[in-house]
>>> print(open('my_file25.txt').read())   # compact mmCIF, C-alpha atoms and all ligand atoms
# COMPACT_ATOMS: atom_id res chain seq x y z
CA MET A 1 96.61 74.00 82.49
CA ASN A 2 97.41 71.12 84.82
CA SER A 3 94.72 71.93 87.29
CA PRO A 4 92.08 74.57 86.83
CA SER A 5 93.08 77.48 89.05
CA PRO A 6 90.54 79.36 91.09
CA GLN A 7 90.77 83.16 91.18
CA ARG A 8 94.06 83.79 92.81
CA PHE A 9 95.33 87.25 93.72
CA LEU A 10 98.96 88.01 94.32
CA THR A 11 100.68 91.24 95.31
CA GLY A 12 104.25 92.08 96.19
CA ILE A 13 105.39 95.04 98.26
CA THR A 14 108.95 96.19 97.78
CA THR A 15 110.62 96.54 101.16
CA THR A 16 112.15 99.95 100.91
CA GLY A 17 110.80 102.76 103.03
CA THR A 18 108.06 103.11 105.60
CA PRO A 19 104.36 102.88 104.62
CA HIS A 20 102.51 106.19 104.35
CA LEU A 21 98.85 107.13 104.15
CA GLY A 22 98.98 106.93 100.35
CA ASN A 23 100.12 103.29 100.52
CA TYR A 24 97.38 102.61 103.04
CA VAL A 25 94.56 104.08 100.97
CA GLY A 26 95.88 102.85 97.62
CA SER A 27 97.08 99.39 98.49
CA ILE A 28 96.93 98.13 102.07
CA ARG A 29 93.31 98.98 102.85
CA PRO A 30 91.76 97.62 99.62
CA SER A 31 93.95 94.50 99.76
CA VAL A 32 93.02 93.73 103.33
CA ALA A 33 89.34 94.30 102.50
CA ALA A 34 89.60 91.98 99.49
CA SER A 35 91.34 89.29 101.54
CA LYS A 36 88.31 89.19 103.82
CA GLY A 37 85.94 88.52 100.94
CA ALA A 38 84.80 84.98 100.37
CA GLY A 39 86.14 82.74 97.67
CA ALA A 40 89.30 84.47 96.57
CA GLU A 41 92.68 83.10 97.48
CA SER A 42 95.28 85.77 98.15
CA PHE A 43 99.04 85.87 98.27
CA TYR A 44 100.85 88.85 99.76
CA PHE A 45 104.58 88.97 99.98
CA LEU A 46 107.43 91.23 100.97
CA ALA A 47 109.52 91.69 97.85
CA ASP A 48 112.91 91.95 99.55
CA TYR A 49 114.91 90.61 96.60
CA HIS A 50 113.40 93.47 94.60
CA ALA A 51 114.40 95.87 97.36
CA LEU A 52 118.08 94.99 96.81
CA ILE A 53 117.83 96.50 93.34
CA LYS A 54 117.17 99.94 94.82
CA CYS A 55 118.85 99.81 98.19
CA ASP A 56 122.28 98.69 99.38
CA GLU A 57 121.83 99.48 103.07
CA PRO A 58 121.31 96.18 104.91
CA ALA A 59 119.87 97.82 108.03
CA ARG A 60 117.28 99.68 105.96
CA ILE A 61 116.20 96.54 104.14
CA GLN A 62 115.69 94.73 107.42
CA ARG A 63 113.93 97.66 109.09
CA SER A 64 111.64 98.24 106.15
CA THR A 65 110.72 94.55 105.98
CA LEU A 66 109.79 94.68 109.65
CA GLU A 67 107.78 97.90 109.30
CA ILE A 68 105.89 96.81 106.21
CA ALA A 69 105.06 93.39 107.65
CA ALA A 70 103.90 95.02 110.90
CA SER A 71 101.81 97.57 108.95
CA TRP A 72 99.93 94.95 106.94
CA LEU A 73 99.28 92.83 110.01
CA ALA A 74 98.20 95.84 112.07
CA ALA A 75 95.86 96.89 109.24
CA GLY A 76 94.06 93.60 109.63
CA LEU A 77 95.67 91.18 107.19
CA ASP A 78 94.87 87.75 108.55
CA PRO A 79 97.78 85.37 107.89
CA GLU A 80 95.46 82.44 108.50
CA ARG A 81 93.23 83.40 105.58
CA VAL A 82 95.89 84.50 103.14
CA THR A 83 99.41 83.40 102.32
CA PHE A 84 101.72 86.09 103.69
CA TYR A 85 105.42 85.51 103.19
CA ARG A 86 108.80 87.01 102.46
CA GLN A 87 110.14 86.53 98.94
CA SER A 88 113.65 85.62 100.08
CA ASP A 89 112.29 82.73 102.16
CA ILE A 90 111.24 80.96 98.97
CA PRO A 91 114.39 79.60 97.26
CA GLU A 92 112.21 78.37 94.38
CA ILE A 93 111.68 81.98 93.28
CA PRO A 94 115.29 82.70 92.23
CA GLU A 95 115.40 79.19 90.80
CA LEU A 96 112.38 79.87 88.61
CA THR A 97 113.85 83.27 87.75
CA TRP A 98 116.69 81.49 85.99
CA LEU A 99 114.42 79.22 83.99
CA LEU A 100 112.42 82.25 82.89
CA THR A 101 115.59 84.20 82.11
CA CYS A 102 116.38 81.52 79.55
CA VAL A 103 113.07 81.99 77.72
CA THR A 104 112.97 85.79 77.83
CA GLY A 105 114.20 87.82 74.87
CA LYS A 106 116.87 90.30 75.88
CA GLY A 107 115.16 92.79 73.62
CA VAL A 108 111.95 92.50 75.59
CA LEU A 109 113.83 93.50 78.73
CA ASN A 110 115.53 96.35 76.85
CA ARG A 111 112.06 97.85 76.52
CA ALA A 112 111.08 97.61 80.18
CA HIS A 113 110.12 101.09 81.38
CA ALA A 114 112.32 101.26 84.48
CA TYR A 115 115.44 100.14 82.63
CA LYS A 116 114.68 102.33 79.63
CA ALA A 117 114.16 105.37 81.83
CA SER A 118 117.66 104.90 83.27
CA VAL A 119 119.16 104.49 79.81
CA ASP A 120 117.32 107.54 78.48
CA LYS A 121 118.53 109.59 81.41
CA ASN A 122 122.12 108.52 80.81
CA GLU A 123 121.88 109.26 77.12
CA SER A 124 120.45 112.72 77.58
CA ALA A 125 123.26 113.44 80.07
CA GLY A 126 125.79 112.29 77.47
CA ASN A 127 126.85 109.29 79.56
CA ASP A 128 127.32 105.66 78.61
CA PRO A 129 123.76 104.28 78.22
CA ASP A 130 124.28 101.68 80.94
CA ALA A 131 126.21 103.87 83.37
CA ASP A 132 125.24 102.91 86.94
CA VAL A 133 122.62 100.45 85.68
CA THR A 134 122.88 97.10 87.44
CA ALA A 135 121.91 93.82 85.85
CA GLY A 136 119.46 93.61 88.76
CA LEU A 137 117.48 96.53 87.38
CA PHE A 138 117.59 94.96 83.95
CA MET A 139 116.32 91.63 85.29
CA TYR A 140 113.64 93.16 87.51
CA PRO A 141 110.75 92.01 85.29
CA VAL A 142 111.98 88.40 85.24
CA LEU A 143 112.17 88.20 89.02
CA MET A 144 108.69 89.68 89.12
CA GLY A 145 107.53 87.14 86.55
CA ALA A 146 108.83 84.35 88.79
CA ASP A 147 106.97 85.82 91.79
CA ILE A 148 103.74 85.66 89.87
CA LEU A 149 104.10 82.41 87.92
CA MET A 150 105.45 80.47 90.92
CA PHE A 151 102.01 80.59 92.55
CA ARG A 152 99.85 80.36 89.45
CA ALA A 153 98.34 83.76 90.18
CA THR A 154 95.42 84.70 87.95
CA GLN A 155 94.97 88.35 88.99
CA VAL A 156 97.70 90.75 89.97
CA PRO A 157 96.38 94.04 91.37
CA VAL A 158 98.80 96.75 90.30
CA GLY A 159 99.10 100.40 89.45
CA ARG A 160 99.32 101.49 85.84
CA ASP A 161 103.10 101.67 86.01
CA GLN A 162 103.25 97.90 86.53
CA ILE A 163 101.01 96.74 83.67
CA GLN A 164 103.97 96.19 81.39
CA HIS A 165 105.54 93.83 83.92
CA ILE A 166 102.41 91.70 84.05
CA GLU A 167 102.34 91.52 80.27
CA MET A 168 105.94 90.40 80.30
CA ALA A 169 105.09 87.72 82.86
CA ARG A 170 102.33 86.53 80.52
CA ASP A 171 104.79 86.38 77.64
CA MET A 172 107.27 84.40 79.72
CA ALA A 173 104.58 81.91 80.69
CA GLN A 174 103.42 81.60 77.11
CA ARG A 175 106.92 81.04 75.81
CA PHE A 176 107.68 78.52 78.54
CA ASN A 177 104.45 76.64 77.87
CA HIS A 178 105.15 76.66 74.16
CA LEU A 179 108.53 75.04 74.69
CA TYR A 180 107.85 72.70 77.58
CA GLY A 181 104.12 72.03 77.62
CA ASP A 182 101.28 73.73 79.40
CA ARG A 183 102.58 74.30 82.91
CA LEU A 184 102.33 77.94 83.84
CA VAL A 185 99.16 79.98 84.29
CA LEU A 186 98.92 83.26 82.38
CA PRO A 187 98.26 86.09 84.84
CA GLU A 188 96.20 89.22 84.27
CA ALA A 189 96.76 92.70 85.59
CA LEU A 190 93.94 93.97 87.75
CA ILE A 191 93.78 97.73 87.55
CA GLU A 192 91.88 99.22 90.42
CA GLU A 193 90.28 102.25 88.80
CA SER A 194 88.25 103.11 91.87
CA VAL A 195 91.22 103.32 94.20
CA ALA A 196 92.10 106.96 94.70
CA THR A 197 95.61 108.25 94.57
CA LEU A 198 96.02 110.31 97.67
CA PRO A 199 97.50 113.78 97.40
CA GLY A 200 100.44 114.57 99.66
CA LEU A 201 101.21 117.57 101.83
CA ASP A 202 102.00 119.74 98.81
CA GLY A 203 99.00 118.63 96.74
CA ARG A 204 100.98 116.41 94.36
CA LYS A 205 100.50 112.62 94.55
CA MET A 206 101.69 111.37 97.94
CA SER A 207 105.01 109.75 97.24
CA LYS A 208 108.31 109.20 98.94
CA SER A 209 110.08 110.68 95.94
CA TYR A 210 108.27 114.02 96.44
CA ASP A 211 109.01 114.02 100.17
CA ASN A 212 105.39 114.97 100.85
CA THR A 213 104.17 111.92 102.77
CA ILE A 214 102.39 111.34 106.06
CA PRO A 215 103.70 108.11 107.63
CA LEU A 216 100.85 105.69 108.26
CA PHE A 217 101.81 105.21 111.87
CA ALA A 218 103.00 108.64 112.81
CA SER A 219 102.25 109.39 116.47
CA ARG A 220 99.18 111.50 117.21
CA GLU A 221 101.31 114.59 117.77
CA GLU A 222 103.31 114.02 114.60
CA LEU A 223 100.15 113.37 112.61
CA LYS A 224 98.63 116.62 113.86
CA LYS A 225 101.76 118.55 112.97
CA LEU A 226 101.99 117.09 109.48
CA ILE A 227 98.31 117.75 108.76
CA ALA A 228 98.84 121.36 109.83
CA GLY A 229 101.37 121.57 106.99
CA ILE A 230 98.97 120.55 104.18
CA VAL A 231 98.84 123.32 101.57
CA THR A 232 95.66 125.38 101.41
CA ASP A 233 94.79 128.64 99.72
CA SER A 234 94.72 131.91 101.63
CA ARG A 235 90.98 132.26 102.10
CA ALA A 236 89.98 133.48 105.54
CA PRO A 237 87.46 131.83 107.87
CA GLY A 238 83.95 132.76 106.73
CA GLU A 239 84.87 132.77 103.05
CA ALA A 240 83.45 129.90 100.98
CA LYS A 241 86.13 127.37 99.94
CA ASP A 242 86.55 125.15 96.89
CA VAL A 243 86.63 121.40 97.38
CA GLN A 244 87.96 121.13 93.85
CA GLY A 245 91.72 120.91 94.01
CA SER A 246 91.78 120.90 97.80
CA ALA A 247 94.28 118.27 98.98
CA LEU A 248 92.80 118.50 102.44
CA PHE A 249 89.33 117.66 101.14
CA GLN A 250 90.58 114.76 99.06
CA ILE A 251 92.43 113.22 101.98
CA TYR A 252 89.35 113.67 104.15
CA GLN A 253 87.19 111.99 101.55
CA ALA A 254 89.53 108.98 101.43
CA PHE A 255 88.73 108.26 105.08
CA ALA A 256 85.21 109.60 105.51
CA SER A 257 81.84 107.96 104.88
CA ALA A 258 79.59 109.38 102.16
CA ASP A 259 77.57 111.32 104.76
CA GLU A 260 80.68 112.75 106.37
CA THR A 261 81.93 113.83 102.96
CA VAL A 262 78.67 115.62 102.21
CA ALA A 263 78.91 117.42 105.55
CA MET A 264 82.50 118.50 104.87
CA ARG A 265 81.52 119.74 101.43
CA GLN A 266 78.83 121.86 103.08
CA ALA A 267 81.31 123.13 105.66
CA TYR A 268 83.59 124.24 102.80
CA ALA A 269 80.69 126.11 101.19
CA ASP A 270 79.84 127.67 104.55
CA GLY A 271 83.35 129.01 104.93
CA ILE A 272 84.95 126.68 107.50
CA GLY A 273 88.35 128.04 108.57
CA TRP A 274 91.38 126.01 107.46
CA GLY A 275 92.42 125.46 111.06
CA ASP A 276 89.06 123.88 111.85
CA ALA A 277 89.08 121.81 108.68
CA LYS A 278 92.51 120.46 109.58
CA ALA A 279 91.34 119.61 113.08
CA LYS A 280 88.42 117.65 111.61
CA LEU A 281 90.71 115.84 109.19
CA PHE A 282 93.09 114.93 111.99
CA GLU A 283 90.33 113.48 114.15
CA ARG A 284 88.85 111.56 111.23
CA ILE A 285 92.12 109.93 110.26
CA ASP A 286 93.08 109.23 113.84
CA GLN A 287 89.75 107.54 114.43
CA ASP A 288 90.71 104.87 111.85
CA ILE A 289 94.41 104.72 112.55
CA ALA A 290 94.57 104.83 116.35
CA PRO A 291 93.58 101.19 116.98
CA MET A 292 95.96 99.98 114.28
CA ARG A 293 98.70 102.19 115.67
CA GLU A 294 98.48 100.30 118.96
CA ALA A 295 98.70 96.96 117.18
CA TYR A 296 101.61 98.24 115.11
CA LYS A 297 103.58 99.35 118.16
CA GLU A 298 102.99 96.04 119.83
CA LEU A 299 104.19 94.14 116.75
CA LEU A 300 107.29 96.30 116.28
CA GLY A 301 108.20 95.52 119.87
CA ASN A 302 107.93 91.79 119.14
CA PRO A 303 109.78 91.14 115.89
CA GLU A 304 110.02 87.44 116.74
CA LYS A 305 106.23 87.27 116.49
CA ILE A 306 106.35 88.68 112.96
CA GLU A 307 109.22 86.38 112.10
CA ALA A 308 107.17 83.37 113.20
CA ILE A 309 104.22 84.53 111.08
CA LEU A 310 106.47 84.92 108.04
CA GLN A 311 108.07 81.51 108.60
CA ALA A 312 104.64 79.92 108.74
CA GLY A 313 103.73 81.82 105.57
CA ALA A 314 106.86 80.61 103.80
CA HIS A 315 106.03 77.07 104.79
CA LYS A 316 102.56 77.41 103.30
CA ALA A 317 103.90 79.05 100.15
CA ARG A 318 106.54 76.40 99.65
CA ARG A 319 103.95 73.66 99.79
CA MET A 320 102.99 75.01 96.36
CA ALA A 321 106.35 76.20 95.13
CA THR A 322 108.34 73.05 95.81
CA PRO A 323 106.21 70.62 93.76
CA LEU A 324 105.81 73.09 90.90
CA MET A 325 109.54 73.71 90.78
CA ARG A 326 110.16 69.96 90.79
CA GLU A 327 107.79 69.62 87.84
CA LEU A 328 109.44 72.48 85.95
CA ARG A 329 112.95 71.15 86.50
CA GLU A 330 111.82 67.82 85.13
CA ALA A 331 110.12 69.53 82.20
CA VAL A 332 113.23 71.40 81.08
CA GLY A 333 115.46 68.35 81.48
CA LEU A 334 117.16 68.99 84.81
CA ARG A 335 116.72 65.37 85.81
CA ARG A 336 118.31 62.56 87.74
CA LEU A 337 120.46 60.58 85.36
CA ALA A 338 119.37 57.22 86.71
CA ALA A 339 115.74 57.95 85.96
CA PRO A 340 114.57 56.65 82.61
CA ALA A 341 115.06 59.38 80.06
CA ALA A 342 111.84 60.59 78.56
CA PRO A 343 111.76 60.09 74.82
CA VAL A 344 112.92 63.12 72.88
CA ALA A 345 109.85 64.44 71.14
CA LYS A 346 110.29 64.80 67.42
CA SER A 347 107.88 67.49 66.48
CA LYS A 348 108.46 69.49 69.61
CA PRO A 349 109.32 73.10 68.95
CA THR A 350 112.95 73.80 69.68
CA LYS A 351 114.65 76.65 71.38
CA THR A 352 115.60 78.28 68.14
CA SER A 353 112.01 78.56 67.04
CA LEU A 354 111.58 82.25 67.59
CA PRO A 355 109.92 84.26 64.88
CA SER A 356 112.50 85.36 62.34
CA PHE A 357 113.21 87.77 59.52
CA LYS A 358 114.48 86.37 56.24
CA GLN A 359 116.17 88.65 53.72
CA TYR A 360 116.69 87.60 50.13
CA ARG A 361 117.12 88.81 46.57
CA GLU A 362 114.65 87.92 43.84
CA THR A 363 115.34 87.36 40.16
CA ASP A 364 113.99 90.86 39.52
CA GLY A 365 117.18 92.10 41.21
CA GLN A 366 115.29 93.68 44.09
CA PHE A 367 115.75 93.02 47.79
CA TYR A 368 112.95 91.57 49.87
CA PHE A 369 112.33 90.38 53.38
CA LYS A 370 109.66 88.46 55.20
CA LEU A 371 108.74 87.81 58.79
CA LEU A 372 108.07 84.20 59.69
CA ALA A 373 106.30 82.92 62.80
CA ALA A 374 108.10 80.47 65.08
CA ASP A 375 106.36 77.63 63.24
CA GLY A 376 107.45 78.97 59.85
CA ARG A 377 104.16 80.55 58.73
CA LEU A 378 104.42 83.80 56.79
CA LEU A 379 103.40 86.85 58.85
CA LEU A 380 104.68 89.77 56.77
CA GLN A 381 105.91 90.04 53.19
CA SER A 382 107.78 93.10 51.97
CA HIS A 383 107.69 94.62 48.49
CA GLY A 384 110.94 94.92 46.61
CA PHE A 385 113.60 97.42 47.69
CA ALA A 386 116.16 98.66 45.19
CA LEU A 387 118.88 98.75 47.83
CA PRO A 388 119.62 96.06 50.45
CA LYS A 389 120.26 98.86 52.91
CA ASP A 390 116.66 100.02 52.68
CA ALA A 391 115.32 96.55 53.39
CA ALA A 392 117.65 96.36 56.38
CA LEU A 393 116.48 99.74 57.65
CA ALA A 394 112.85 98.63 57.47
CA ILE A 395 113.70 95.49 59.45
CA ALA A 396 115.60 97.54 62.00
CA ALA A 397 112.59 99.82 62.45
CA LEU A 398 110.33 96.81 62.99
CA ARG A 399 112.69 95.27 65.52
CA GLN A 400 113.18 98.47 67.40
CA ASP A 401 109.65 99.87 67.46
CA GLY A 402 107.63 96.71 67.08
CA ALA A 403 104.14 97.03 65.73
CA SER A 404 104.23 100.82 65.90
CA ALA A 405 106.69 100.81 62.98
CA LEU A 406 104.09 99.10 60.77
CA LYS A 407 102.23 102.31 60.06
CA GLY A 408 105.25 104.07 58.58
CA LEU A 409 106.00 101.02 56.43
CA GLY A 410 102.42 100.29 55.52
CA GLY A 411 102.84 100.69 51.78
CA LYS A 412 105.75 98.30 51.66
CA LEU A 413 104.34 95.39 53.64
CA GLN A 414 101.60 92.86 53.21
CA THR A 415 100.02 90.49 55.69
CA PRO A 416 98.36 87.26 54.51
CA ASP A 417 94.57 87.33 54.95
CA ASP A 418 94.51 84.63 57.60
CA VAL A 419 97.03 86.36 59.86
CA GLN A 420 95.82 88.57 62.69
CA MET A 421 97.70 91.78 63.38
CA ASP A 422 98.00 90.70 67.03
CA GLU A 423 100.14 87.82 65.99
CA VAL A 424 102.40 90.07 63.97
CA ALA A 425 102.71 92.45 66.90
CA ASN A 426 103.56 89.59 69.28
CA ALA A 427 106.18 88.21 66.96
CA LEU A 428 107.81 91.62 66.65
CA GLN A 429 107.72 91.97 70.42
CA GLN A 430 109.59 88.69 70.83
CA LEU A 431 112.11 89.82 68.29
CA GLY A 432 113.19 93.08 69.84
CA ASP A 433 116.30 91.16 70.84
CA ALA A 434 118.79 93.06 68.73
CA TYR A 435 118.05 96.27 70.60
N1 LIG B 501 107.22 95.71 91.30
C1 LIG B 501 106.22 95.88 92.33
C2 LIG B 501 106.22 97.34 92.79
O1 LIG B 501 107.22 98.00 92.74
C3 LIG B 501 106.49 94.96 93.50
C4 LIG B 501 106.41 93.53 93.09
C5 LIG B 501 107.43 92.63 93.04
C6 LIG B 501 105.24 92.85 92.66
N2 LIG B 501 106.99 91.43 92.60
C7 LIG B 501 105.63 91.53 92.37
C8 LIG B 501 103.91 93.24 92.49
C9 LIG B 501 104.71 90.58 91.89
C10 LIG B 501 102.98 92.31 92.04
C11 LIG B 501 103.39 90.99 91.73
O2 LIG B 501 105.19 97.81 93.23
>>> encode(input="my_file25.txt", output="structure tokens", more="lines below")
Ligand code: TRP
Amino acid sequence: MNSPSPQRFLTGITTTGTPHLGNYVGSIRPSVAASKGAGAESFYFLADYHALIKCDEPARIQRSTLEIAASWLAAGLDPERVTFYRQSDIPEIPELTWLLTCVTGKGVLNRAHAYKASVDKNESAGNDPDADVTAGLFMYPVLMGADILMFRATQVPVGRDQIQHIEMARDMAQRFNHLYGDRLVLPEALIEESVATLPGLDGRKMSKSYDNTIPLFASREELKKLIAGIVTDSRAPGEAKDVQGSALFQIYQAFASADETVAMRQAYADGIGWGDAKAKLFERIDQDIAPMREAYKELLGNPEKIEAILQAGAHKARRMATPLMRELREAVGLRRLAAPAAPVAKSKPTKTSLPSFKQYRETDGQFYFKLLAADGRLLLQSHGFALPKDAALAIAALRQDGASALKGLGGKLQTPDDVQMDEVANALQQLGDAY
């Protein structure tokens, strides 16, 4: 790469909704803790362009941006130590999105989970596959790729559901670098195994879509009331209780020290009444949240303070984004005409150099195909098919299902000894474009 990058963490938070305790335990608290560690450089941003994909209520977008920014700041994020900004303040991000759009196979996006889930839902309901699907949803991974690649992030802490997006961002960077020279850093997903998912009021994962959340900055009274509503079994005070499967215990554990957890475990065994256990949980959570709640209230009452912090963050972020975008524009040929034109490289790979399938008929009368890498090397060679249709079906299966189709076709395909299966799988991935 141009300059060796230090470890650089980057996380986006989509600005729909109000943060709840699950977001705090799973994302805000570990991120703030990590940002205080030495050495690492961190980028946190409010993904408000992403929010537009899900939400068409302007007032909600604005409110949520305010609440999420205030939550992170109240939880201790220090905008002096990290780069904290709002996505839509960085015009280079949509600009980079377009450059990446032009190097991303449409077929790759067809396979993105969120888009595919919508299509599958439509199909099983007998609707047009793309009914009510916006191009925004389809392009979601490219915008996310731009978020990440714009700042040369090396680690992106995400939940499992986002791994695919990080892999797509890697692919975009790789493809861009292949065409235009080494310019973008390949990011890695950082999966935080140790971070607990918090159960909600009903015992399922705490999530807005289950309507089982406890807002992070609920008032004391509200917090008490919500905690009273956590599901428990019907065991009476004095009866021993199970910590296993107890949402109340798990939430307690997410806030308590190891010693406190041991004590609560003992209290369960000793038959603590649910009312008492809930009172203990309430006090334990409130102990952590109360000071932040004050800071949060104060920030919400002074939106201009948050705005100033975000403007300063955008300024800092653009000090990186602007020069990189200038370099990338130059690299792809968006240049001033008066400037001396760079020589057109002869051996440079061209746009059309994607991997490709070639179908042909041999003198034995049978139909064959092969898969060639972008540079023309042979990756897969088929045996003969009596009918052209069967060769075409095999190709279709490979395009549609990628490497997972190889098993079913095993007997009919050969890979040269010097070719790694990874390379075949990558080539097929790039080629999903027909579907
Ligand atoms: N897609 C992420 C989510 O829903 C939010 C996001 C947008 C993001 N851009 C990002 C996360 C870049 C990490 C990096 O949670």
>>> closest_residue(input="my_file25.txt", among="A:Leu186, A:Leu201, A:Val156, A:Ile53", to="ligand LIG 501 (chain B)", atoms="only C-alpha atoms and all ligand atoms")
A:Val156
>>> closest_residue(input="my_file25.txt", among="A:Ile395, A:Leu248, A:Leu66, A:Ile61", to="Arg204 in chain A", atoms="all atoms listed in the file")
A:Leu248
>>> residues_near_ligand(input="my_file25.txt", ligand="ligand LIG 501 (chain B)", cutoff="9 Å", atoms="only C-alpha atoms and all ligand atoms", output="PyMOL selection string")
chain A and resi 10-15+44-51+87+140-141+143-148+153+156-159+161-162+165-166+189
>>> closest_residue(input="my_file25.txt", among="A:Val25, A:Val82, A:Ala117, A:Ala218", to="Pro129 in chain A", atoms="all atoms listed in the file")
A:Ala117
>>> axis_aligned_box(input="my_file25.txt", around="range 280-288 of chain A", padding_each_side="8 Å", output="AutoDock Vina command-line options")
--center_x 90.8 --center_y 111.3 --center_z 111.8 --size_x 20.7 --size_y 28.8 --size_z 21.2
>>> closest_residue(input="my_file25.txt", among="A:Phe369, A:Tyr360, A:Tyr24, A:Trp72", to="Gln414 in chain A", atoms="only C-alpha atoms")
A:Phe369
>>> closest_atom_pairs(input="my_file25.txt", of="range 183-256 of chain A", to="range 263-276 of chain A", cutoff="10 Å", atoms="all atoms listed in the file", output="JSON lines")
{"residue": "A:Ile227", "atom": "CA", "partner": "A:Gly275", "partner_atom": "CA", "distance": 10.0}
{"residue": "A:Ala228", "atom": "CA", "partner": "A:Gly275", "partner_atom": "CA", "distance": 7.7}
{"residue": "A:Ile230", "atom": "CA", "partner": "A:Trp274", "partner_atom": "CA", "distance": 9.9}
{"residue": "A:Val231", "atom": "CA", "partner": "A:Trp274", "partner_atom": "CA", "distance": 9.9}
{"residue": "A:Thr232", "atom": "CA", "partner": "A:Trp274", "partner_atom": "CA", "distance": 7.4}
{"residue": "A:Asp233", "atom": "CA", "partner": "A:Trp274", "partner_atom": "CA", "distance": 8.9}
{"residue": "A:Ser234", "atom": "CA", "partner": "A:Trp274", "partner_atom": "CA", "distance": 8.9}
{"residue": "A:Arg235", "atom": "CA", "partner": "A:Gly273", "partner_atom": "CA", "distance": 8.2}
{"residue": "A:Ala236", "atom": "CA", "partner": "A:Gly273", "partner_atom": "CA", "distance": 6.4}
{"residue": "A:Pro237", "atom": "CA", "partner": "A:Gly273", "partner_atom": "CA", "distance": 4.0}
{"residue": "A:Gly238", "atom": "CA", "partner": "A:Gly271", "partner_atom": "CA", "distance": 4.2}
{"residue": "A:Glu239", "atom": "CA", "partner": "A:Gly271", "partner_atom": "CA", "distance": 4.5}
{"residue": "A:Ala240", "atom": "CA", "partner": "A:Gly271", "partner_atom": "CA", "distance": 4.1}
{"residue": "A:Lys241", "atom": "CA", "partner": "A:Tyr268", "partner_atom": "CA", "distance": 4.9}
{"residue": "A:Asp242", "atom": "CA", "partner": "A:Tyr268", "partner_atom": "CA", "distance": 6.7}
{"residue": "A:Val243", "atom": "CA", "partner": "A:Arg265", "partner_atom": "CA", "distance": 6.7}
{"residue": "A:Leu248", "atom": "CA", "partner": "A:Trp274", "partner_atom": "CA", "distance": 9.1}
{"residue": "A:Phe249", "atom": "CA", "partner": "A:Met264", "partner_atom": "CA", "distance": 7.8}
{"residue": "A:Tyr252", "atom": "CA", "partner": "A:Met264", "partner_atom": "CA", "distance": 8.4}
{"residue": "A:Gln253", "atom": "CA", "partner": "A:Met264", "partner_atom": "CA", "distance": 8.7}
{"residue": "A:Ala256", "atom": "CA", "partner": "A:Met264", "partner_atom": "CA", "distance": 9.3}
>>> atom_distance(input="my_file25.txt", atom1="CA of Met421 in chain A", atom2="CA of Lys370 in chain A")
14.9 Å
>>> closest_residue(input="my_file25.txt", among="A:Arg329, A:His315, A:Lys225, A:Arg170", to="Asn426 in chain A", atoms="only C-alpha atoms")
A:Arg170
>>> residues_around(input="my_file25.txt", residues="Ala112 in chain A", least_positions_apart="6", cutoff="12 Å", atoms="only C-alpha atoms", output="list in words")
Gly105, Lys106, Ser118, Val119, Asp120, Leu137, Phe138, Met139, Tyr140, Pro141, Val142, Asp161, Gln162, Ile163, Gln164, His165, Ile166, Glu167, Met168, Ala169, Gln429, Gly432 and Tyr435 of chain A
